[in-house]
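Notes for the one structure printed next.
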Amino acid sequence: MMFWYDHDVSGWGWFAMSASMILFWALIITAAVLLFRALSRPTEHPHTHAPAGPSPEQLLAERFARGEIDEEDYQRRLAALRASPPSTKPG
């Protein structure tokens, strides 16, 4: 019976316990949400979001439209582009 005396929890003790419990559950829920988001995210390559650049034929047409090359040069280069197999990027 000696331990019944002088072990009361004051108002600040109740406040600290309540705040600690709220903080504990907030951390548990935050960790669960972050884990769920990380596991449900589709795996993709980091460079897949980059917009594709213009094709070589489009670049050639733009150069022709700007007057950088004449029609004969345009036709010759266009035929060369269409004759060569498309290059594949190593991935």
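Just so we're on the same page: first chain in the structure tokens is A, next is B, and so on; residues restart at 1 for each chain, and ligands are numbered from 1 in the order they show up.
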
### Message
Env of range 73-80 of chain A: 12 Å cut, atoms = only C-alpha atoms, seq-sep filter 3 positions within chain, self excluded. Answer as a PyMOL selection string.
### Response
chain A and resi 55-70+83-86

Let's have the selection written as a short mmCIF file (atom, residue, chain, number, x, y, z; two decimals), in the first residue's frame, with all heavy atoms.
data_model
loop_
_atom_site.label_atom_id
_atom_site.label_comp_id
_atom_site.auth_asym_id
_atom_site.auth_seq_id
_atom_site.Cartn_x
_atom_site.Cartn_y
_atom_site.Cartn_z
N SER A 55 11.74 14.23 -85.17
CA SER A 55 12.39 13.17 -85.93
C SER A 55 13.41 13.79 -86.88
O SER A 55 13.35 15.00 -87.17
CB SER A 55 11.35 12.38 -86.71
OG SER A 55 10.83 13.18 -87.76
N PRO A 56 14.36 12.99 -87.38
CA PRO A 56 15.33 13.53 -88.33
C PRO A 56 14.67 14.11 -89.58
O PRO A 56 15.13 15.12 -90.11
CB PRO A 56 16.20 12.32 -88.66
CG PRO A 56 16.08 11.43 -87.48
CD PRO A 56 14.69 11.64 -86.97
N GLU A 57 13.58 13.49 -90.02
CA GLU A 57 12.89 14.02 -91.20
C GLU A 57 12.26 15.38 -90.89
O GLU A 57 12.27 16.28 -91.74
CB GLU A 57 11.82 13.03 -91.67
CG GLU A 57 12.41 11.80 -92.30
CD GLU A 57 11.34 10.85 -92.83
OE1 GLU A 57 10.16 11.25 -92.92
OE2 GLU A 57 11.70 9.71 -93.14
N GLN A 58 11.74 15.56 -89.68
CA GLN A 58 11.17 16.85 -89.30
C GLN A 58 12.26 17.92 -89.23
O GLN A 58 12.05 19.06 -89.65
CB GLN A 58 10.44 16.74 -87.97
CG GLN A 58 9.16 15.95 -88.03
CD GLN A 58 8.56 15.72 -86.66
OE1 GLN A 58 9.27 15.69 -85.66
NE2 GLN A 58 7.24 15.53 -86.62
N LEU A 59 13.42 17.57 -88.68
CA LEU A 59 14.52 18.52 -88.62
C LEU A 59 14.98 18.91 -90.02
O LEU A 59 15.25 20.10 -90.29
CB LEU A 59 15.70 17.92 -87.84
CG LEU A 59 15.50 17.74 -86.34
CD1 LEU A 59 16.68 17.01 -85.73
CD2 LEU A 59 15.31 19.09 -85.68
N LEU A 60 15.04 17.94 -90.91
CA LEU A 60 15.44 18.22 -92.28
C LEU A 60 14.42 19.14 -92.96
O LEU A 60 14.79 20.09 -93.66
CB LEU A 60 15.59 16.91 -93.05
CG LEU A 60 16.15 17.01 -94.46
CD1 LEU A 60 17.55 17.60 -94.44
CD2 LEU A 60 16.15 15.64 -95.12
N ALA A 61 13.13 18.86 -92.73
CA ALA A 61 12.08 19.71 -93.32
C ALA A 61 12.16 21.13 -92.77
O ALA A 61 11.94 22.10 -93.52
CB ALA A 61 10.72 19.09 -93.05
N GLU A 62 12.47 21.27 -91.49
CA GLU A 62 12.60 22.61 -90.90
C GLU A 62 13.78 23.35 -91.52
O GLU A 62 13.68 24.55 -91.80
CB GLU A 62 12.79 22.50 -89.39
CG GLU A 62 11.54 22.09 -88.65
CD GLU A 62 11.78 21.88 -87.16
OE1 GLU A 62 12.89 22.20 -86.66
OE2 GLU A 62 10.86 21.37 -86.50
N ARG A 63 14.88 22.66 -91.72
CA ARG A 63 16.04 23.31 -92.36
C ARG A 63 15.70 23.75 -93.78
O ARG A 63 16.10 24.82 -94.22
CB ARG A 63 17.24 22.37 -92.37
CG ARG A 63 17.84 22.15 -90.99
CD ARG A 63 19.09 21.33 -91.05
NE ARG A 63 20.11 22.05 -91.81
CZ ARG A 63 21.22 21.46 -92.30
NH1 ARG A 63 21.43 20.19 -92.10
NH2 ARG A 63 22.08 22.17 -92.97
N PHE A 64 14.95 22.92 -94.49
CA PHE A 64 14.53 23.26 -95.84
C PHE A 64 13.59 24.46 -95.81
O PHE A 64 13.70 25.38 -96.63
CB PHE A 64 13.87 22.05 -96.51
CG PHE A 64 13.35 22.32 -97.88
CD1 PHE A 64 14.21 22.69 -98.92
CD2 PHE A 64 12.01 22.21 -98.17
CE1 PHE A 64 13.73 22.93 -100.20
CE2 PHE A 64 11.52 22.45 -99.44
CZ PHE A 64 12.38 22.81 -100.46
N ALA A 65 12.67 24.48 -94.85
CA ALA A 65 11.72 25.58 -94.75
C ALA A 65 12.41 26.89 -94.39
O ALA A 65 11.99 27.97 -94.84
CB ALA A 65 10.65 25.25 -93.71
N ARG A 66 13.47 26.85 -93.61
CA ARG A 66 14.21 28.06 -93.25
C ARG A 66 15.13 28.52 -94.36
O ARG A 66 15.69 29.60 -94.28
CB ARG A 66 15.03 27.81 -91.98
CG ARG A 66 14.20 27.76 -90.71
CD ARG A 66 15.08 27.83 -89.47
NE ARG A 66 16.00 26.71 -89.39
CZ ARG A 66 15.82 25.62 -88.64
NH1 ARG A 66 14.75 25.52 -87.89
NH2 ARG A 66 16.71 24.66 -88.63
N GLY A 67 15.31 27.68 -95.38
CA GLY A 67 16.18 28.05 -96.49
C GLY A 67 17.64 27.72 -96.26
O GLY A 67 18.51 28.21 -96.99
N GLU A 68 17.94 26.91 -95.27
CA GLU A 68 19.33 26.54 -95.01
C GLU A 68 19.86 25.58 -96.06
O GLU A 68 21.07 25.55 -96.31
CB GLU A 68 19.45 25.91 -93.62
CG GLU A 68 19.13 26.87 -92.49
CD GLU A 68 19.17 26.19 -91.13
OE1 GLU A 68 19.60 25.02 -91.04
OE2 GLU A 68 18.76 26.83 -90.15
N ILE A 69 18.98 24.76 -96.64
CA ILE A 69 19.38 23.83 -97.70
C ILE A 69 18.42 24.00 -98.87
O ILE A 69 17.28 24.42 -98.71
CB ILE A 69 19.38 22.36 -97.21
CG1 ILE A 69 18.02 21.97 -96.64
CG2 ILE A 69 20.47 22.12 -96.17
CD1 ILE A 69 17.90 20.51 -96.23
N ASP A 70 18.90 23.68 -100.08
CA ASP A 70 18.04 23.80 -101.25
C ASP A 70 17.25 22.51 -101.46
O ASP A 70 17.43 21.53 -100.75
CB ASP A 70 18.84 24.17 -102.49
CG ASP A 70 19.90 23.14 -102.84
OD1 ASP A 70 20.08 22.17 -102.08
OD2 ASP A 70 20.56 23.30 -103.90
N ALA A 83 16.48 5.52 -96.53
CA ALA A 83 17.16 4.29 -96.94
C ALA A 83 17.88 3.62 -95.77
O ALA A 83 18.02 2.40 -95.74
CB ALA A 83 18.17 4.59 -98.05
N SER A 84 18.32 4.41 -94.81
CA SER A 84 19.08 3.84 -93.70
C SER A 84 18.11 3.30 -92.65
O SER A 84 17.04 3.85 -92.43
CB SER A 84 19.99 4.88 -93.08
OG SER A 84 19.23 5.91 -92.49
N PRO A 85 18.49 2.18 -91.98
CA PRO A 85 17.63 1.65 -90.92
C PRO A 85 17.61 2.59 -89.73
O PRO A 85 18.61 3.28 -89.45
CB PRO A 85 18.27 0.30 -90.56
CG PRO A 85 19.69 0.46 -90.97
CD PRO A 85 19.69 1.41 -92.15
N PRO A 86 16.51 2.67 -89.02
CA PRO A 86 16.45 3.56 -87.84
C PRO A 86 17.41 3.08 -86.77
O PRO A 86 17.53 1.90 -86.51
CB PRO A 86 15.00 3.49 -87.38
CG PRO A 86 14.48 2.23 -87.95
CD PRO A 86 15.27 1.96 -89.21
#

### Query
Which parts of range 33-84 of chain A does DSSP call helix (DSSP H, G or I) when run on the backbone here, written out as a ChimeraX atom specification?
/A:33-40,46-49,56-66,71-83

### Query
How many Å lie between CA of Phe15 in chain A and CA of Leu27 in chain A, rounded to one decimal?
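Between these atoms lies a distance of 18.2 Å.
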
### Query
Interatomic distance between CA of Ile29 in chain A and CA of Pro42 in chain A?
22.0 Å
